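Peer 1: Hey, dropping data34.cif in here, mmCIF, C-alpha atoms:
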```cif
data_target
#
loop_
_atom_site.label_atom_id
_atom_site.label_comp_id
_atom_site.auth_asym_id
_atom_site.auth_seq_id
_atom_site.Cartn_x
_atom_site.Cartn_y
_atom_site.Cartn_z
CA ALA P 1 39.94 77.84 150.61
CA ALA P 2 42.18 76.38 153.22
CA LYS P 3 45.23 74.56 151.97
CA LYS P 4 45.54 70.86 152.67
CA ARG P 5 48.12 69.00 154.70
CA ALA P 6 50.70 66.56 153.49
CA HIS P 7 53.18 64.37 155.29
CA LEU P 8 56.42 62.57 154.57
CA VAL P 9 58.36 59.87 156.36
CA VAL P 10 61.94 58.72 156.62
CA THR P 11 62.75 55.45 158.44
CA LEU P 12 65.86 54.50 160.36
CA ALA P 13 67.30 51.09 161.16
CA PRO P 14 65.88 48.92 163.94
CA THR P 15 67.21 49.12 167.50
CA THR P 16 66.60 45.41 168.05
CA ARG P 17 67.08 42.39 165.84
CA ARG P 18 63.40 41.58 165.63
CA ARG P 19 61.93 40.43 162.34
CA PRO P 20 60.92 43.33 160.06
CA ARG P 21 57.21 43.92 159.67
CA HIS P 22 57.65 43.04 156.04
CA GLY P 23 60.37 42.11 153.60
CA SER P 24 64.12 42.08 154.09
CA GLY P 25 64.74 45.74 153.40
CA TYR P 26 67.30 47.49 151.24
CA THR P 27 70.98 46.69 151.09
CA MET P 28 73.30 49.10 152.83
CA ASP P 29 74.42 50.54 149.47
CA GLY P 30 70.83 51.63 148.84
CA SER P 31 70.31 49.38 145.81
CA MET P 32 66.63 48.92 144.95
CA GLY P 33 66.40 46.40 142.14
CA ARG P 34 64.26 46.88 139.03
CA TYR P 35 61.31 49.22 138.67
CA ASP P 36 57.90 48.56 137.20
CA ASP P 37 56.29 51.94 136.75
CA ASP P 38 53.18 50.49 135.13
CA ASN P 39 52.56 48.57 138.37
CA ASN P 40 52.41 51.64 140.62
CA GLY P 41 56.16 51.71 141.11
CA ALA P 42 56.41 48.23 142.61
CA SER P 43 59.55 46.19 142.05
CA ALA P 44 59.36 43.79 139.13
CA GLY P 45 60.93 41.15 141.33
CA LYS P 46 59.88 39.85 144.71
CA ALA P 47 58.58 42.53 147.08
CA ARG P 48 61.30 43.58 149.46
CA GLY P 49 59.27 45.44 152.08
CA GLY P 50 59.73 48.97 153.36
CA GLY P 51 63.50 48.94 152.97
CA GLY P 52 66.37 49.37 155.33
CA GLY P 53 68.44 52.38 156.25
CA GLY P 54 70.82 54.26 154.01
CA GLY P 55 74.47 53.51 153.51
CA GLY P 56 77.66 55.24 152.52
CA GLY P 57 79.78 58.00 153.90
CA GLY P 58 78.90 61.45 155.22
CA SER P 59 78.42 64.62 153.19
CA GLY P 60 80.51 64.36 150.06
CA GLY P 61 81.85 60.99 151.22
CA GLY P 62 80.96 59.15 148.01
CA GLY P 63 78.47 56.69 149.52
CA ASP P 64 74.74 56.66 148.91
CA VAL P 65 72.43 59.08 150.68
CA VAL P 66 69.13 57.31 151.41
CA TYR P 67 65.82 58.73 152.65
CA ARG P 68 62.65 56.80 153.41
CA LEU P 69 59.53 58.90 153.26
CA LEU P 70 55.98 58.12 154.27
CA CYS P 71 53.28 59.03 151.81
CA PRO P 72 49.53 58.56 152.31
CA THR P 73 48.34 55.81 149.99
CA ILE P 74 45.72 58.15 148.55
CA ARG P 75 48.47 60.53 147.39
CA THR P 76 50.90 58.13 145.76
CA GLY P 77 49.29 58.77 142.38
CA SER P 78 50.61 62.34 142.52
CA VAL P 79 54.13 60.98 142.84
CA LEU P 80 53.76 58.19 140.26
CA GLY P 81 51.68 59.83 137.56
CA LYS P 82 49.83 58.06 134.75
CA GLY P 83 51.94 55.12 133.59
CA GLY P 84 54.70 56.25 135.95
CA GLU P 85 55.38 59.41 133.93
CA ILE P 86 55.86 61.71 136.95
CA ILE P 87 58.22 59.45 138.89
CA LYS P 88 60.23 58.84 135.71
CA GLN P 89 60.60 62.58 135.23
CA LEU P 90 61.60 63.07 138.87
CA ARG P 91 64.32 60.44 138.46
CA ALA P 92 65.55 62.06 135.25
CA ASP P 93 65.55 65.58 136.72
CA THR P 94 67.34 64.70 139.97
CA GLY P 95 69.48 61.70 139.06
CA ALA P 96 68.16 59.91 142.15
CA ARG P 97 66.61 56.46 142.45
CA ILE P 98 63.01 56.79 143.61
CA LYS P 99 60.78 53.84 144.44
CA VAL P 100 57.29 53.65 145.88
CA GLU P 101 57.10 50.48 147.95
CA PRO P 102 54.16 48.08 147.49
CA VAL P 103 51.09 48.56 149.67
CA PHE P 104 51.39 46.83 153.04
CA PRO P 105 48.09 45.25 154.14
CA GLY P 106 46.21 47.51 156.54
CA ALA P 107 48.64 50.43 156.17
CA GLU P 108 47.38 53.90 155.26
CA GLU P 109 50.81 55.02 154.08
CA ARG P 110 53.45 53.75 151.68
CA VAL P 111 57.20 54.08 151.99
CA ILE P 112 58.97 56.03 149.26
CA VAL P 113 62.68 55.22 149.14
CA ILE P 114 64.99 57.81 147.60
CA SER P 115 68.73 57.32 147.17
CA ALA P 116 71.64 58.68 145.19
CA PRO P 117 75.44 58.72 145.45
CA ASP P 118 76.63 61.59 147.63
CA THR P 119 78.53 64.47 146.09
CA PRO P 120 80.85 67.21 147.39
CA ASP P 121 78.10 69.76 146.67
CA ASP P 122 76.17 71.47 149.45
CA TRP P 123 72.91 70.04 148.08
CA SER P 124 72.82 66.34 147.17
CA PRO P 125 70.71 64.73 144.41
CA ALA P 126 68.88 62.70 147.07
CA GLN P 127 67.94 65.87 148.97
CA GLU P 128 66.69 67.48 145.76
CA ALA P 129 64.60 64.40 145.04
CA VAL P 130 63.14 64.13 148.55
CA PHE P 131 61.99 67.76 148.45
CA ARG P 132 60.47 67.34 144.99
CA VAL P 133 58.63 64.19 146.07
CA HIS P 134 57.29 66.00 149.12
CA ALA P 135 56.10 68.85 146.90
CA ARG P 136 54.23 66.34 144.72
CA MET P 137 52.61 64.90 147.85
CA LEU P 138 51.41 68.35 148.87
CA GLU P 139 49.88 68.85 145.44
CA GLY P 140 48.05 65.55 145.84
CA ALA P 141 46.57 66.33 149.25
CA GLY P 142 42.98 65.09 149.25
CA ASP P 143 39.97 65.09 151.49
CA ALA P 144 40.52 61.62 152.96
CA ALA P 145 41.67 61.02 156.50
CA ASP P 146 45.33 61.77 157.23
CA PRO P 147 47.29 58.91 158.93
CA SER P 148 49.08 61.50 161.07
CA GLY P 149 45.74 62.12 162.77
CA ALA P 150 45.19 65.60 161.35
CA SER P 151 42.18 66.91 159.52
CA ALA P 152 42.64 67.06 155.75
CA THR P 153 41.44 70.65 155.73
CA GLU P 154 44.14 71.96 158.08
CA THR P 155 46.54 74.42 156.50
CA LEU P 156 49.85 73.19 157.90
CA PRO P 157 52.04 70.67 156.06
CA ILE P 158 53.60 67.68 157.77
CA VAL P 159 56.77 65.76 156.98
CA ARG P 160 57.06 62.22 158.36
CA LEU P 161 60.42 60.45 158.17
CA LEU P 162 61.52 56.96 159.20
CA VAL P 163 65.06 56.84 160.63
CA PRO P 164 67.30 53.90 161.74
CA PRO P 165 68.30 53.68 165.41
CA THR P 166 71.98 54.16 164.65
CA GLN P 167 71.14 57.47 162.99
CA ILE P 168 68.55 59.00 165.30
CA GLY P 169 71.22 60.32 167.68
CA CYS P 170 72.41 62.82 165.07
CA LEU P 171 68.98 64.48 165.25
CA LEU P 172 68.64 64.37 169.03
CA GLY P 173 72.10 65.19 170.38
CA LYS P 174 73.21 64.88 173.98
CA GLY P 175 70.29 65.69 176.23
CA GLY P 176 68.26 66.62 173.14
CA CYS P 177 70.45 69.66 172.40
CA ILE P 178 70.42 69.25 168.60
CA ILE P 179 66.67 68.78 168.17
CA LYS P 180 66.06 71.71 170.54
CA GLN P 181 68.33 73.92 168.44
CA MET P 182 66.61 72.89 165.21
CA ARG P 183 63.22 73.68 166.77
CA GLU P 184 64.38 77.10 167.91
CA GLU P 185 66.05 78.01 164.62
CA SER P 186 63.20 76.80 162.40
CA GLY P 187 60.16 77.50 164.53
CA ALA P 188 58.80 74.08 163.53
CA ALA P 189 57.59 71.30 165.79
CA ILE P 190 60.10 68.45 165.38
CA ARG P 191 59.22 65.28 167.26
CA VAL P 192 60.37 61.67 167.53
CA LEU P 193 57.03 59.93 167.99
CA PRO P 194 56.41 56.99 170.37
CA LYS P 195 56.92 53.46 169.03
CA GLU P 196 53.19 52.74 169.24
CA GLN P 197 52.63 55.40 166.56
CA LEU P 198 54.82 53.69 163.97
CA PRO P 199 52.87 52.91 160.80
CA LEU P 200 52.35 49.31 159.73
CA CYS P 201 54.68 49.80 156.77
CA ALA P 202 57.65 50.60 159.04
CA LEU P 203 60.34 48.12 160.00
CA GLU P 204 60.71 46.91 163.56
CA GLY P 205 62.97 49.31 165.42
CA ASP P 206 62.33 52.26 163.11
CA GLU P 207 62.07 55.73 164.61
CA LEU P 208 59.39 58.07 163.30
CA VAL P 209 60.38 61.72 162.97
CA GLN P 210 57.57 64.17 162.34
CA ILE P 211 57.91 67.84 161.38
CA GLY P 212 54.97 70.21 161.52
CA GLY P 213 54.25 73.91 161.60
CA GLU P 214 53.99 76.85 159.23
CA PRO P 215 55.09 76.04 155.66
CA GLN P 216 58.29 78.11 155.82
CA ALA P 217 59.22 76.66 159.21
CA VAL P 218 58.61 73.12 157.97
CA ARG P 219 60.80 73.71 154.91
CA PHE P 220 63.61 75.08 157.07
CA ALA P 221 63.40 72.18 159.52
CA PHE P 222 63.12 69.59 156.74
CA HIS P 223 66.28 70.99 155.17
CA ALA P 224 68.12 70.84 158.51
CA VAL P 225 66.97 67.28 159.25
CA SER P 226 67.83 66.02 155.76
CA ALA P 227 71.27 67.62 155.99
CA ARG P 228 72.03 65.97 159.32
CA LEU P 229 70.87 62.57 158.07
CA ARG P 230 73.05 63.01 154.99
CA ALA P 231 76.12 63.91 157.07
CA ASN P 232 75.56 61.09 159.56
CA PRO P 233 74.72 57.87 157.67
CA PRO P 234 73.67 54.71 159.53
CA ARG P 235 76.55 52.70 161.01
#
```
Using the file provided, produce a representation of the structure as structure tokens.
Peer 2:
Amino acid sequence: AAKKRAHLVVTLAPTTRRRPRHGSGYTMDGSMGRYDDDNNGASAGKARGGGGGGGGGGSGGGGDVVYRLLCPTIRTGSVLGKGGEIIKQLRADTGARIKVEPVFPGAEERVIVISAPDTPDDWSPAQEAVFRVHARMLEGAGDAADPSGASATETLPIVRLLVPPTQIGCLLGKGGCIIKQMREESGAAIRVLPKEQLPLCALEGDELVQIGGEPQAVRFAFHAVSARLRANPPR
């Protein structure tokens, strides 16, 4: 049987000072408040929306590394688990803070915010967590419609990331040289999608980065993108 597709999203900060689509976002240190795992991972306090960009220094710089991933609403159960048991285990295993944002009305995806203090190691706790969350999303791929516009029965995985405007340049490079190199080295299709394709759960000004292709190519590209975002935090 054909394997099913999954997708992930990381959001970047807005390019304009328009009001966010929802909430006030995360603080620049990546703090997320309290968790309520029995309420599908929603914050026990007032809903804060899809969250802002990440903060902190570059690789090994001691600040927080923050990723914002898009997950189809129908697959969030695979990340949360019964009574929040899976997300609790993911936090314990990786040492990262992981939060599934509340459902935004009309949105087919939810934002998963992952953050952790950076370390001098080649592989950060936040990167470990973002890959594990994506793996859980793939396991939860269902037969419902995919917000990326792809058929649920297609075999190729998708990663969807929301990135702040002050960070997107580290993925593009002058004249697109960096994104072209990542495409060539990975063999994956790496795209910054048009603004009109932003999901409802994104913040105003967010950029949507989408990675697609063969599983191995997607993994390679996802690693490269996550590493560049880690080394070049939002300003």
Peer 1: Give me the residues near region 88-94 of chain P as a ChimeraX atom specification, where near means some atom within 9 Å (using only C-alpha atoms) and where sequence neighbours in that chain fewer than 4 positions away do not count.
Peer 2: /P:37,79-81,84,98,125-126,128-129,132-133
Peer 1: Report as a ChimeraX atom specification the residues that result from applying the PyMOL selection byres ((chain P and resi 108-113) around 8) to the structure here.
Peer 2: /P:9,50-51,66-73,76,97-104,106-107,114-115,147,199,201-202
Peer 1: Can you work out the spacing between CA of Met137 (chain P) and CA of Arg75 (chain P) in Å, to one decimal?
Peer 2: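 Computed distance, CA of Met137 (chain P) to CA of Arg75 (chain P), equals 6.0 Å.
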Peer 1: Taking only C-alpha atoms into account, produce a table as JSON lines in which each residue of region 78-191 of chain P with an atom at most 10 Å from an atom of region 216-231 of chain P appears once, together with its shortest atom pair and the distance in Å to one decimal, ordered by chain and rising number.
Peer 2:
```
{"residue": "P:Asp118", "atom": "CA", "partner": "P:Arg230", "partner_atom": "CA", "distance": 8.3}
{"residue": "P:Asp122", "atom": "CA", "partner": "P:Ala227", "partner_atom": "CA", "distance": 9.0}
{"residue": "P:Trp123", "atom": "CA", "partner": "P:Ala227", "partner_atom": "CA", "distance": 8.4}
{"residue": "P:Ser124", "atom": "CA", "partner": "P:Arg230", "partner_atom": "CA", "distance": 8.5}
{"residue": "P:Ala126", "atom": "CA", "partner": "P:Arg230", "partner_atom": "CA", "distance": 9.0}
{"residue": "P:Gln127", "atom": "CA", "partner": "P:Ser226", "partner_atom": "CA", "distance": 6.8}
{"residue": "P:Val130", "atom": "CA", "partner": "P:Ser226", "partner_atom": "CA", "distance": 8.8}
{"residue": "P:Phe131", "atom": "CA", "partner": "P:Phe222", "partner_atom": "CA", "distance": 8.6}
{"residue": "P:Leu156", "atom": "CA", "partner": "P:Val218", "partner_atom": "CA", "distance": 8.8}
{"residue": "P:Pro157", "atom": "CA", "partner": "P:Val218", "partner_atom": "CA", "distance": 7.3}
{"residue": "P:Ile158", "atom": "CA", "partner": "P:Val218", "partner_atom": "CA", "distance": 7.4}
{"residue": "P:Val159", "atom": "CA", "partner": "P:Phe222", "partner_atom": "CA", "distance": 7.4}
{"residue": "P:Arg160", "atom": "CA", "partner": "P:Phe222", "partner_atom": "CA", "distance": 9.7}
{"residue": "P:Leu161", "atom": "CA", "partner": "P:Val225", "partner_atom": "CA", "distance": 9.5}
{"residue": "P:Val163", "atom": "CA", "partner": "P:Leu229", "partner_atom": "CA", "distance": 8.6}
{"residue": "P:Gln167", "atom": "CA", "partner": "P:Leu229", "partner_atom": "CA", "distance": 7.1}
{"residue": "P:Ile168", "atom": "CA", "partner": "P:Leu229", "partner_atom": "CA", "distance": 8.4}
{"residue": "P:Gly169", "atom": "CA", "partner": "P:Leu229", "partner_atom": "CA", "distance": 9.9}
{"residue": "P:Cys170", "atom": "CA", "partner": "P:Arg228", "partner_atom": "CA", "distance": 6.6}
{"residue": "P:Leu171", "atom": "CA", "partner": "P:Arg228", "partner_atom": "CA", "distance": 6.8}
{"residue": "P:Ile178", "atom": "CA", "partner": "P:Arg228", "partner_atom": "CA", "distance": 10.0}
{"residue": "P:Ile179", "atom": "CA", "partner": "P:Val225", "partner_atom": "CA", "distance": 9.1}
{"residue": "P:Met182", "atom": "CA", "partner": "P:Ala221", "partner_atom": "CA", "distance": 6.6}
{"residue": "P:Arg183", "atom": "CA", "partner": "P:Ala221", "partner_atom": "CA", "distance": 7.4}
{"residue": "P:Glu184", "atom": "CA", "partner": "P:Ala221", "partner_atom": "CA", "distance": 9.8}
{"residue": "P:Glu185", "atom": "CA", "partner": "P:Ala221", "partner_atom": "CA", "distance": 8.2}
{"residue": "P:Ser186", "atom": "CA", "partner": "P:Ala217", "partner_atom": "CA", "distance": 5.1}
{"residue": "P:Gly187", "atom": "CA", "partner": "P:Ala217", "partner_atom": "CA", "distance": 5.5}
{"residue": "P:Ala188", "atom": "CA", "partner": "P:Ala217", "partner_atom": "CA", "distance": 5.0}
{"residue": "P:Ala189", "atom": "CA", "partner": "P:Val218", "partner_atom": "CA", "distance": 8.1}
{"residue": "P:Ile190", "atom": "CA", "partner": "P:Ala221", "partner_atom": "CA", "distance": 7.7}
```
Peer 1: Interatomic distance between CA of Gly212 (chain P) and CA of Lys180 (chain P)?
Peer 2: 14.4 Å
Peer 1: Find the distance between CA of Val209 (chain P) and CA of Pro164 (chain P) and write it in Å to one decimal.
Peer 2: 10.5 Å
Peer 1: Considering only C-alpha atoms, can you say which of P:Gly176, P:Gly77, P:Gly83, P:Gly63 comes closest to Pro120 (chain P)?
Peer 2: P:Gly63
